[in-house]
Amino acid sequence: MKLRSLVVIAAVWTLPTFAQELVVYKIVAKDGKLEPALIEVPAGKRFKLEVANEGTTAVEFESKDLKQEKVVAPGAKASLSINALKSGEYKFFDEFHESTAKGKIIAK
């Protein structure tokens, strides 16, 4: 029985780690702008976006390209998990300040 337990433990120990930490890219929303306006990510890898609202009004982070939408209250943060992207450009914006708060993610 002990031998079986050791074999199971050894097998689990040598498995590749599938639950790896995702790289986090931070976006700050403030005064009708999103910073940075350009984010470069590796194509084919999942990642997270953290949207921090440092302004005094709510923002709505939205990306039709990424199929993501999230309202973030003043002083709050939101985290979005993004599936692996193909190479290309993916636009995002703050729907509440659409004329001034725009950006894009470039997957290479």
# chains A, B, ... in the order shown; residues from 1 in each chain; ligands from 1
call {"tool": "residues_around", "arguments": {"residues": "Gly88 (chain A)", "least_positions_apart": "3", "cutoff": "10 Å", "atoms": "only C-alpha atoms", "output": "number ranges by chain"}}
result
A: 43, 85, 105-108
call {"tool": "write_last_selection", "arguments": {"atoms": "C-alpha atoms", "output": "compact mmCIF listing (two decimals), in the first residue's frame"}}
result
# COMPACT_ATOMS: atom_id res chain seq x y z
CA ALA A 43 -0.12 35.04 -29.50
CA LEU A 85 -5.39 35.04 -29.19
CA ILE A 105 -3.96 44.74 -27.82
CA ILE A 106 -1.49 43.40 -30.35
CA ALA A 107 -0.92 39.66 -30.24
CA LYS A 108 2.36 38.58 -31.88
call {"tool": "residues_around", "arguments": {"residues": "region 46-53 of chain A", "least_positions_apart": "4", "cutoff": "8 Å", "atoms": "only C-alpha atoms", "output": "PyMOL selection string"}}
result
chain A and resi 22-30+58-59+61+72-85
call {"tool": "select_by_dssp", "arguments": {"residues": "chain A", "states": "strand (DSSP E)", "output": "number ranges by chain"}}
result
A: 23-30, 33-35, 38-41, 47-53, 59-63, 68-72, 77-82, 88-94, 102-107
call {"tool": "closest_residue", "arguments": {"among": "A:Lys86, A:Thr56, A:Lys33, A:Glu21", "to": "Thr100 (chain A)", "atoms": "only C-alpha atoms"}}
result
A:Lys33
